[in-house]
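So this one's structure_20.txt, compact mmCIF, C-alpha atoms:
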# COMPACT_ATOMS: atom_id res chain seq x y z
CA MET X 1 168.35 76.83 139.45
CA ILE X 2 167.19 76.54 135.83
CA PHE X 3 163.57 77.05 134.74
CA ASP X 4 163.32 76.49 131.07
CA ILE X 5 161.58 75.14 127.98
CA VAL X 6 164.07 73.56 125.58
CA ARG X 7 163.94 72.03 122.11
CA GLU X 8 166.96 69.73 122.43
CA ALA X 9 167.76 66.75 124.66
CA ILE X 10 167.65 67.64 128.37
CA ASP X 11 171.05 67.44 130.09
CA VAL X 12 170.00 66.24 133.55
CA ARG X 13 173.55 66.24 134.92
CA ALA X 14 173.99 69.91 134.00
CA ILE X 15 170.74 70.73 135.77
CA GLU X 16 171.88 68.84 138.86
CA ALA X 17 175.16 70.74 138.84
CA SER X 18 173.21 74.01 138.72
CA VAL X 19 171.24 73.25 141.89
CA LEU X 20 173.93 71.52 143.92
CA ALA X 21 175.47 73.61 146.71
CA PRO X 22 177.85 72.69 149.55
CA SER X 23 174.86 72.71 151.91
CA CYS X 24 173.11 69.91 150.01
CA GLY X 25 173.19 66.35 151.31
CA GLY X 26 170.54 64.91 149.02
CA ILE X 27 169.44 65.48 145.47
CA VAL X 28 166.34 63.98 143.87
CA SER X 29 165.90 64.01 140.10
CA PHE X 30 162.64 63.07 138.47
CA CYS X 31 162.64 62.49 134.72
CA GLY X 32 159.46 61.93 132.77
CA VAL X 33 160.32 59.59 129.93
CA VAL X 34 158.44 58.72 126.74
CA ARG X 35 157.14 55.18 127.11
CA LYS X 36 156.20 52.63 124.54
CA ARG X 37 152.62 52.00 125.64
CA ALA X 38 149.91 54.57 126.23
CA ASP X 39 147.68 54.15 129.29
CA ASP X 40 145.15 52.33 127.11
CA GLY X 41 147.86 49.93 125.91
CA ARG X 42 148.26 51.32 122.40
CA GLU X 43 151.75 51.30 120.98
CA VAL X 44 153.30 54.77 120.85
CA GLU X 45 155.68 55.84 118.11
CA GLY X 46 156.58 59.15 119.75
CA LEU X 47 155.23 62.28 121.39
CA HIS X 48 154.93 65.88 120.36
CA TYR X 49 154.95 68.55 123.07
CA GLU X 50 154.19 72.24 122.75
CA ALA X 51 154.10 75.00 125.34
CA HIS X 52 153.19 78.61 125.89
CA GLU X 53 156.83 79.16 126.65
CA GLY X 54 156.58 82.46 128.55
CA MET X 55 153.72 81.24 130.74
CA ALA X 56 155.32 77.83 131.24
CA ARG X 57 158.58 79.34 132.46
CA ALA X 58 156.64 81.69 134.74
CA SER X 59 154.68 78.72 136.12
CA PHE X 60 157.94 76.87 136.88
CA MET X 61 159.22 79.89 138.79
CA ALA X 62 155.92 80.18 140.68
CA ILE X 63 156.16 76.52 141.66
CA ALA X 64 159.71 77.09 142.92
CA GLU X 65 158.51 80.12 144.87
CA GLU X 66 155.87 78.00 146.58
CA VAL X 67 158.44 75.36 147.45
CA ARG X 68 160.72 78.01 148.94
CA ALA X 69 157.87 79.33 151.10
CA THR X 70 157.61 76.04 153.00
CA MET X 71 161.10 74.60 152.42
CA PRO X 72 163.52 77.54 152.16
CA GLU X 73 166.62 75.33 151.96
CA VAL X 74 165.47 73.47 148.85
CA ARG X 75 167.15 74.35 145.56
CA LEU X 76 164.92 73.48 142.58
CA ALA X 77 165.16 73.34 138.79
CA ILE X 78 162.50 72.46 136.23
CA VAL X 79 163.12 71.91 132.51
CA HIS X 80 160.57 70.70 129.96
CA ARG X 81 161.36 69.76 126.39
CA VAL X 82 159.07 70.58 123.45
CA GLY X 83 158.92 69.28 119.89
CA ALA X 84 159.05 65.65 118.76
CA LEU X 85 160.33 63.02 121.21
CA SER X 86 161.04 59.31 120.76
CA ILE X 87 160.61 56.38 123.16
CA GLY X 88 163.04 56.62 126.07
CA GLU X 89 163.73 60.34 125.68
CA VAL X 90 163.35 62.69 128.65
CA ALA X 91 160.38 65.05 128.31
CA VAL X 92 160.71 66.76 131.68
CA ALA X 93 163.30 66.94 134.45
CA VAL X 94 162.62 68.17 137.96
CA VAL X 95 165.65 68.35 140.25
CA ALA X 96 165.52 69.22 143.95
CA ALA X 97 168.52 69.45 146.25
CA ALA X 98 168.34 70.01 150.01
CA PRO X 99 170.37 69.47 153.16
CA HIS X 100 168.25 66.37 153.92
CA ARG X 101 166.55 63.83 151.69
CA ALA X 102 162.99 64.23 153.00
CA GLU X 103 162.75 67.78 151.68
CA ALA X 104 164.39 66.90 148.37
CA PHE X 105 161.85 64.12 147.78
CA ALA X 106 158.91 66.28 148.87
CA ALA X 107 159.94 69.22 146.69
CA ALA X 108 160.52 67.12 143.57
CA ARG X 109 157.21 65.34 143.98
CA PHE X 110 155.33 68.59 144.60
CA ALA X 111 156.94 70.26 141.61
CA ILE X 112 156.11 67.56 139.05
CA ASP X 113 152.54 67.26 140.35
CA ALA X 114 152.10 71.05 140.18
CA LEU X 115 153.63 71.23 136.70
CA LYS X 116 151.17 68.66 135.37
CA GLU X 117 148.27 70.54 136.84
CA ARG X 118 149.11 74.11 135.99
CA SER X 119 151.88 74.56 133.42
CA PRO X 120 150.60 75.42 129.91
CA ILE X 121 152.16 72.49 128.07
CA TRP X 122 150.41 70.08 125.71
CA LYS X 123 151.19 66.53 124.66
CA GLN X 124 150.16 64.72 121.52
CA GLU X 125 150.58 60.95 121.47
CA ARG X 126 151.45 59.61 118.04
CA TYR X 127 150.60 55.95 117.74
CA CYS X 128 152.18 53.35 115.53
CA ASP X 129 148.85 52.98 113.69
CA GLY X 130 149.16 56.61 112.55
CA GLU X 131 146.54 58.18 114.83
CA ARG X 132 147.40 61.25 116.90
CA VAL X 133 145.64 62.25 120.12
CA TRP X 134 146.10 65.26 122.42
CA VAL X 135 146.25 63.78 125.91
CA GLU X 136 145.07 65.81 128.88
CA ASN X 137 146.36 65.48 132.43
CA ARG X 138 143.76 64.74 135.06
CA CYS X 139 142.94 67.89 137.06
CA SER X 140 144.52 70.19 134.50
CA GLY X 141 141.14 71.61 133.48
CA GLU X 142 140.40 73.15 136.86
CA ARG X 143 140.65 76.89 137.20
CA GLN X 144 143.53 77.98 139.41
CA MET B 1 169.39 46.75 137.75
CA ILE B 2 172.77 47.23 139.45
CA PHE B 3 173.39 46.46 143.14
CA ASP B 4 176.93 47.31 143.98
CA ILE B 5 179.58 48.73 146.27
CA VAL B 6 182.15 50.74 144.30
CA ARG B 7 185.41 52.55 145.07
CA GLU B 8 185.29 55.08 142.22
CA ALA B 9 182.91 57.94 141.35
CA ILE B 10 179.34 56.72 140.83
CA ASP B 11 178.09 57.11 137.25
CA VAL B 12 174.42 57.90 137.86
CA ARG B 13 173.58 58.12 134.16
CA ALA B 14 174.89 54.60 133.57
CA ILE B 15 172.77 53.32 136.45
CA GLU B 16 169.71 55.07 135.02
CA ALA B 17 170.37 53.50 131.64
CA SER B 18 170.54 50.08 133.30
CA VAL B 19 167.06 50.38 134.83
CA LEU B 20 165.26 52.18 132.02
CA ALA B 21 162.95 50.03 129.92
CA PRO B 22 160.41 50.93 127.20
CA SER B 23 157.65 50.44 129.78
CA CYS B 24 159.01 53.21 132.03
CA GLY B 25 157.39 56.63 132.07
CA GLY B 26 159.14 58.01 135.13
CA ILE B 27 162.54 57.62 136.70
CA VAL B 28 163.53 58.94 140.13
CA SER B 29 167.18 59.17 141.12
CA PHE B 30 168.25 59.92 144.66
CA CYS B 31 171.86 60.81 145.27
CA GLY B 32 173.29 61.23 148.73
CA VAL B 33 175.99 63.89 148.50
CA VAL B 34 178.79 64.83 150.89
CA ARG B 35 177.89 68.18 152.41
CA LYS B 36 180.03 70.85 153.92
CA ARG B 37 178.40 71.02 157.32
CA ALA B 38 177.66 68.20 159.71
CA ASP B 39 174.31 68.13 161.47
CA ASP B 40 175.93 69.88 164.45
CA GLY B 41 177.24 72.65 162.16
CA ARG B 42 180.91 71.59 162.18
CA GLU B 43 182.79 72.05 158.93
CA VAL B 44 183.46 68.77 157.15
CA GLU B 45 186.60 68.16 155.11
CA GLY B 46 185.44 64.83 153.73
CA LEU B 47 183.94 61.45 154.55
CA HIS B 48 185.26 57.93 154.70
CA TYR B 49 182.85 55.05 154.07
CA GLU B 50 183.42 51.36 154.56
CA ALA B 51 181.12 48.38 154.05
CA HIS B 52 180.80 44.68 154.55
CA GLU B 53 180.63 44.39 150.81
CA GLY B 54 179.02 40.97 150.50
CA MET B 55 176.36 41.70 153.09
CA ALA B 56 175.75 45.20 151.73
CA ARG B 57 175.16 43.90 148.21
CA ALA B 58 172.87 41.20 149.59
CA SER B 59 170.94 43.83 151.57
CA PHE B 60 170.47 45.92 148.39
CA MET B 61 169.06 42.90 146.58
CA ALA B 62 166.77 42.12 149.52
CA ILE B 63 165.48 45.69 149.45
CA ALA B 64 164.79 45.37 145.71
CA GLU B 65 163.00 42.09 146.35
CA GLU B 66 160.74 43.80 148.88
CA VAL B 67 160.00 46.60 146.43
CA ARG B 68 159.09 44.05 143.76
CA ALA B 69 156.69 42.30 146.12
CA THR B 70 154.46 45.38 146.36
CA MET B 71 155.39 47.19 143.13
CA PRO B 72 156.27 44.53 140.54
CA GLU B 73 156.68 47.03 137.70
CA VAL B 74 159.41 49.02 139.45
CA ARG B 75 162.99 48.58 138.23
CA LEU B 76 165.52 49.48 140.92
CA ALA B 77 169.27 49.97 141.27
CA ILE B 78 171.34 50.78 144.36
CA VAL B 79 175.03 51.69 144.34
CA HIS B 80 177.07 52.87 147.34
CA ARG B 81 180.61 54.17 147.17
CA VAL B 82 183.26 53.40 149.79
CA GLY B 83 186.61 54.99 150.55
CA ALA B 84 187.41 58.69 150.91
CA LEU B 85 184.90 61.22 149.49
CA SER B 86 185.08 64.99 149.16
CA ILE B 87 182.38 67.66 149.48
CA GLY B 88 179.86 67.41 146.63
CA GLU B 89 180.70 63.83 145.71
CA VAL B 90 177.97 61.20 145.46
CA ALA B 91 178.12 58.60 148.24
CA VAL B 92 175.02 56.65 147.26
CA ALA B 93 172.66 56.50 144.29
CA VAL B 94 169.22 54.90 144.32
CA VAL B 95 167.42 54.83 140.98
CA ALA B 96 163.84 53.64 140.48
CA ALA B 97 162.02 53.52 137.16
CA ALA B 98 158.35 52.64 136.72
CA PRO B 99 155.49 53.12 134.31
CA HIS B 100 154.13 55.92 136.53
CA ARG B 101 155.84 58.44 138.75
CA ALA B 102 154.10 57.60 142.04
CA GLU B 103 155.71 54.18 142.19
CA ALA B 104 159.10 55.47 141.12
CA PHE B 105 159.06 58.04 143.95
CA ALA B 106 157.77 55.52 146.51
CA ALA B 107 160.35 52.89 145.57
CA ALA B 108 163.31 55.29 145.64
CA ARG B 109 162.26 56.68 149.00
CA PHE B 110 161.70 53.24 150.49
CA ALA B 111 165.03 51.98 149.21
CA ILE B 112 167.18 54.79 150.64
CA ASP B 113 165.37 54.64 153.99
CA ALA B 114 165.83 50.86 154.12
CA LEU B 115 169.49 51.12 153.13
CA LYS B 116 170.22 53.56 155.95
CA GLU B 117 168.54 51.28 158.44
CA ARG B 118 169.84 47.89 157.45
CA SER B 119 172.81 47.93 155.07
CA PRO B 120 176.15 47.25 156.78
CA ILE B 121 177.91 50.45 155.76
CA TRP B 122 179.75 52.88 158.02
CA LYS B 123 180.55 56.57 157.70
CA GLN B 124 183.32 58.53 159.32
CA GLU B 125 183.06 62.31 159.23
CA ARG B 126 186.45 63.99 158.98
CA TYR B 127 186.26 67.59 160.17
CA CYS B 128 188.41 70.51 159.15
CA ASP B 129 189.71 70.71 162.73
CA GLY B 130 191.24 67.24 162.30
CA GLU B 131 188.77 65.25 164.41
CA ARG B 132 187.15 62.11 163.01
CA VAL B 133 183.84 60.67 164.18
CA TRP B 134 181.94 57.54 163.16
CA VAL B 135 178.37 58.71 162.60
CA GLU B 136 175.46 56.34 163.17
CA ASN B 137 172.12 56.49 161.41
CA ARG B 138 169.10 56.76 163.62
CA CYS B 139 167.31 53.38 163.89
CA SER B 140 170.27 51.48 162.50
CA GLY B 141 170.94 49.78 165.85
CA GLU B 142 167.64 47.89 165.97
CA ARG B 143 167.69 44.17 165.35
CA GLN B 144 166.02 43.18 162.11
CA MET R 1 189.41 23.54 167.57
CA PRO R 2 187.78 25.57 164.80
CA VAL R 3 189.65 28.40 163.15
CA VAL R 4 187.40 31.30 162.14
CA ARG R 5 188.03 34.45 160.15
CA LEU R 6 187.15 37.58 162.16
CA VAL R 7 186.21 40.78 160.28
CA ALA R 8 185.46 44.07 162.04
CA PHE R 9 184.31 47.48 160.85
CA ALA R 10 184.45 51.16 161.79
CA ARG R 11 185.32 51.67 165.48
CA LEU R 12 185.70 47.94 166.01
CA ARG R 13 188.11 47.68 163.11
CA GLU R 14 190.15 50.48 164.65
CA LEU R 15 190.38 48.50 167.89
CA LEU R 16 190.83 44.99 166.46
CA GLY R 17 192.27 45.35 162.97
CA ASP R 18 190.17 44.60 159.94
CA ARG R 19 190.59 40.83 159.67
CA ARG R 20 192.44 37.94 161.23
CA ASP R 21 192.11 34.23 161.97
CA ILE R 22 191.21 33.10 165.49
CA VAL R 23 191.33 29.63 167.02
CA LEU R 24 188.38 28.78 169.30
CA ALA R 25 187.50 25.86 171.54
CA ASP R 26 185.29 23.11 170.12
CA GLY R 27 181.62 24.01 170.61
CA ALA R 28 182.36 27.75 170.95
CA SER R 29 179.65 30.27 170.14
CA VAL R 30 179.87 33.73 168.60
CA GLY R 31 179.36 35.10 172.11
CA ASP R 32 182.39 33.11 173.31
CA LEU R 33 184.42 34.72 170.54
CA TRP R 34 183.24 38.17 171.68
CA GLU R 35 184.22 37.39 175.28
CA ALA R 36 187.68 36.30 174.16
CA LEU R 37 188.07 39.55 172.25
CA VAL R 38 186.97 41.59 175.27
CA ARG R 39 189.61 39.91 177.42
CA GLU R 40 192.19 40.94 174.84
CA GLU R 41 190.81 44.47 174.30
CA PRO R 42 188.74 45.68 177.31
CA ARG R 43 187.65 48.87 175.44
CA LEU R 44 185.30 46.65 173.43
CA THR R 45 182.98 46.55 176.45
CA GLU R 46 181.46 49.92 175.69
CA PHE R 47 180.43 48.69 172.22
CA ALA R 48 178.75 45.50 173.42
CA ARG R 49 175.22 46.87 173.25
CA GLY R 50 175.48 48.35 169.76
CA THR R 51 177.34 45.50 168.10
CA ARG R 52 175.62 42.87 165.97
CA PHE R 53 177.15 39.67 164.71
CA ALA R 54 177.03 37.97 161.32
CA ARG R 55 178.15 34.46 160.50
CA ASN R 56 178.97 33.82 156.83
CA ASN R 57 177.15 36.99 155.68
CA ARG R 58 173.98 36.48 157.74
CA LEU R 59 173.08 38.20 160.98
CA CYS R 60 173.19 35.77 163.89
CA SER R 61 172.76 35.74 167.65
CA ALA R 62 175.52 35.45 170.24
CA GLU R 63 174.33 31.87 170.81
CA ALA R 64 175.16 30.77 167.25
CA LEU R 65 177.88 28.09 167.20
CA VAL R 66 180.95 28.63 165.05
CA CYS R 67 182.40 26.08 162.63
CA GLU R 68 185.78 25.70 161.00
CA GLY R 69 186.24 28.30 158.26
CA ASP R 70 183.35 30.54 159.27
CA GLU R 71 183.57 34.27 158.70
CA ILE R 72 182.35 36.06 161.82
CA ALA R 73 181.66 39.78 161.30
CA LEU R 74 181.36 42.39 164.05
CA LEU R 75 178.93 45.11 162.94
CA PRO R 76 178.63 48.39 164.84
CA PRO R 77 175.53 50.56 164.19
CA PHE R 78 175.24 51.42 160.50
CA GLY R 79 175.91 54.84 158.96
CA GLY R 80 175.47 54.40 155.21
CA GLY R 81 173.59 56.68 152.83
CA MET Y 1 139.54 99.37 117.33
CA PRO Y 2 142.23 97.39 119.15
CA VAL Y 3 144.39 94.92 117.31
CA VAL Y 4 145.35 91.87 119.42
CA ARG Y 5 147.67 88.97 118.82
CA LEU Y 6 145.88 85.62 119.13
CA VAL Y 7 147.91 82.54 120.07
CA ALA Y 8 146.40 79.06 120.25
CA PHE Y 9 147.74 75.65 121.27
CA ALA Y 10 147.17 71.94 120.68
CA ARG Y 11 143.70 71.22 119.25
CA LEU Y 12 142.88 74.90 119.10
CA ARG Y 13 146.04 75.64 117.17
CA GLU Y 14 145.10 72.95 114.70
CA LEU Y 15 141.73 74.65 114.16
CA LEU Y 16 142.86 78.29 114.25
CA GLY Y 17 146.54 78.35 113.30
CA ASP Y 18 149.17 79.14 115.89
CA ARG Y 19 149.14 82.95 115.84
CA ARG Y 20 147.59 85.89 114.04
CA ASP Y 21 146.43 89.45 114.56
CA ILE Y 22 142.74 90.19 115.05
CA VAL Y 23 140.90 93.52 114.99
CA LEU Y 24 138.19 93.89 117.64
CA ALA Y 25 135.57 96.52 118.45
CA ASP Y 26 136.41 99.15 121.07
CA GLY Y 27 135.50 97.83 124.52
CA ALA Y 28 135.62 94.20 123.41
CA SER Y 29 136.29 91.48 125.98
CA VAL Y 30 138.18 88.21 125.69
CA GLY Y 31 134.75 86.52 125.55
CA ASP Y 32 133.81 88.67 122.56
CA LEU Y 33 136.98 87.51 120.83
CA TRP Y 34 136.02 83.89 121.52
CA GLU Y 35 132.53 84.46 120.10
CA ALA Y 36 133.99 85.98 116.94
CA LEU Y 37 136.26 82.93 116.55
CA VAL Y 38 133.32 80.55 117.05
CA ARG Y 39 131.41 82.29 114.25
CA GLU Y 40 134.40 81.75 112.01
CA GLU Y 41 135.09 78.15 113.16
CA PRO Y 42 131.95 76.52 114.65
CA ARG Y 43 133.93 73.40 115.70
CA LEU Y 44 135.38 75.53 118.51
CA THR Y 45 132.08 75.16 120.37
CA GLU Y 46 132.94 71.74 121.69
CA PHE Y 47 136.11 73.15 123.30
CA ALA Y 48 134.37 76.03 125.07
CA ARG Y 49 134.19 74.34 128.47
CA GLY Y 50 137.79 73.19 128.58
CA THR Y 51 139.43 76.34 127.25
CA ARG Y 52 141.03 78.94 129.49
CA PHE Y 53 142.21 82.37 128.43
CA ALA Y 54 145.35 84.32 129.18
CA ARG Y 55 145.99 87.97 128.50
CA ASN Y 56 149.66 88.97 128.31
CA ASN Y 57 150.83 85.74 129.99
CA ARG Y 58 148.32 85.78 132.85
CA LEU Y 59 145.16 83.73 133.10
CA CYS Y 60 142.07 85.94 132.76
CA SER Y 61 138.29 85.58 132.66
CA ALA Y 62 136.10 85.93 129.59
CA GLU Y 63 135.03 89.31 130.97
CA ALA Y 64 138.56 90.79 130.78
CA LEU Y 65 138.73 93.71 128.33
CA VAL Y 66 141.32 93.67 125.59
CA CYS Y 67 143.68 96.52 124.75
CA GLU Y 68 145.70 97.38 121.68
CA GLY Y 69 148.72 95.08 121.40
CA ASP Y 70 147.54 92.48 123.92
CA GLU Y 71 148.49 88.87 123.45
CA ILE Y 72 145.42 86.69 124.03
CA ALA Y 73 146.18 83.00 124.47
CA LEU Y 74 143.68 80.14 124.13
CA LEU Y 75 144.69 77.30 126.45
CA PRO Y 76 143.09 73.87 126.21
CA PRO Y 77 143.52 71.46 129.16
CA PHE Y 78 147.20 70.87 129.91
CA GLY Y 79 149.13 67.69 129.19
CA GLY Y 80 152.72 68.43 130.22
CA GLY Y 81 155.01 66.19 132.22

What do you get writing this file as structure tokens?
Amino acid sequence: MIFDIVREAIDVRAIEASVLAPSCGGIVSFCGVVRKRADDGREVEGLHYEAHEGMARASFMAIAEEVRATMPEVRLAIVHRVGALSIGEVAVAVVAAAPHRAEAFAAARFAIDALKERSPIWKQERYCDGERVWVENRCSGERQ
Amino acid sequence: MIFDIVREAIDVRAIEASVLAPSCGGIVSFCGVVRKRADDGREVEGLHYEAHEGMARASFMAIAEEVRATMPEVRLAIVHRVGALSIGEVAVAVVAAAPHRAEAFAAARFAIDALKERSPIWKQERYCDGERVWVENRCSGERQ
Amino acid sequence: MPVVRLVAFARLRELLGDRRDIVLADGASVGDLWEALVREEPRLTEFARGTRFARNNRLCSAEALVCEGDEIALLPPFGGG
Amino acid sequence: MPVVRLVAFARLRELLGDRRDIVLADGASVGDLWEALVREEPRLTEFARGTRFARNNRLCSAEALVCEGDEIALLPPFGGG
């Protein structure tokens, strides 16, 4: 049950171990990974993430609280990395464990969608041609 | 892109590495884990799985083929363990990587649902009171 | 008289053993094999409805004919995942 | 005359620096702080619509009053995940 912003590589297995309990029959892990092509097809060299760390952690805990309200048996963890990341590295991990798989899938999906919308984290794409662009998530500009 | 029946502990990270490609922005891993309580609340000591290995592997590849037909960018792996498993051990891992998270979630969910319905694998629950019961998945008895 | 390899799983394996060779009459079907097994082990009857057959790794009907060297699998309802 | 800690992120950090202390008039609001920053850095104007404010780790409106020691954060649209 980890909610954190980290600067080093995310250890997904350690996060899974932290949520797993004898009651759990299914565990769903979502990892957001740095990919080589931006949505517009440009070649990416790497990403830079930054966060308001206190607010981001609080938003992760609020998301988990919402999950618990509808799915009390789900055990959730959310970890986002900040700093410079290369292609193939994990930027975010959301792990949900539950007695049954339907809830684990639903919780993981809800959590990553909610994080993108409401966690104060920013991403700069750094392209191979040298340009750098701050990329916004759709919906993230709406007031909560 | 592994489709396998194994007798040892499943190495989920190795499976993830096998499906990850530079085009992938999201990776969803589902692990089915042995849990302490059966659906009827009885305490479980462990599970025993067996499979028709050739048919099970073929069914995994057929599931992946179906995923590719609707989501050609998804990269999928399915590994099921057989033999005796203890509480907390991973019985099955389904890993789906895709450029975007929606497809990775959809593919992983489809694959585990399809596996439960149509892969020739059997599970015996071994309870702490000594009884052993072969447990059937719902829907698994329907002809394909 | 074809000889086929029988493989059985889960409850059916417990009743029949996991694999063995069986000699059948010429022109026998998978259903004929099942009937022969029921005569040998009457407790199979209760599993008739839930059991599917596969011939050489592909699901088949009880009407499918068997050939020398076929693997015939008896598949109770699945429980994987 | 309250002194507040300003923190800014992403594009706004690039324009304003990541953190600094600012002295405001008594009774000043978060909106007043924003206006003072725009006078100093007119390029902020184009980010007015997309920017949200937080006071001591909670989102707040431009009308929120600032107090001595507050942390005021300027939050452009999010891009995490």

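When atom CA of R:Leu15 is paired with atom CA of B:Trp134, their separation reads 13.2 Å.
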
Legend entry - Residues of chain B within 6 Å of chain X, counting all atoms listed in the file, as a ChimeraX atom specification: /B:22-36

Legend entry - Exercise: residues within 6 Å of coordinate (174.4, 54.0, 159.6), counting only C-alpha atoms, as a list in words: Lys116, Trp122, Glu136, Asn137 and Ser140 of chain B; Pro77, Phe78, Gly79 and Gly80 of chain R

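Using all atoms listed in the file for every distance, the candidate list X:Glu131, X:Glu8, X:Glu66, X:Glu53 yields X:Glu53 as the residue closest to Y:Asn57.
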
Legend entry - Answer as a PyMOL selection string, residues within 9 Å of (138.8, 98.8, 114.6) using all atoms listed in the file: chain Y and resi 1-3+23-26

Inset, instruction - Starting from chain Y, keep only residues with some atom at most 10 Å from an atom of chain X, counting all atoms listed in the file, and report them as a list in words. - result: Val7, Ala8, Phe9, Ala10, Arg11, Arg49, Gly50, Thr51, Arg52, Ala54, Asn56, Asn57, Arg58, Leu59, Ala73, Leu74, Leu75, Pro76, Pro77, Phe78, Gly79, Gly80 and Gly81 of chain Y

Inset, instruction - Can you work out the spacing between atom CA of Y:Leu37 and atom CA of Y:Ile22 in Å, to one decimal? - result: 9.8 Å

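For the atom pair formed by atom CA of X:Asp40 and atom CA of X:Leu85, the distance is 19.5 Å, given to one decimal.
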
Legend entry - Pick from Y:Val4, Y:Val38, Y:Leu33, Y:Leu44, whichever lies nearest to Y:Asp70 using all atoms listed in the file: Y:Val4
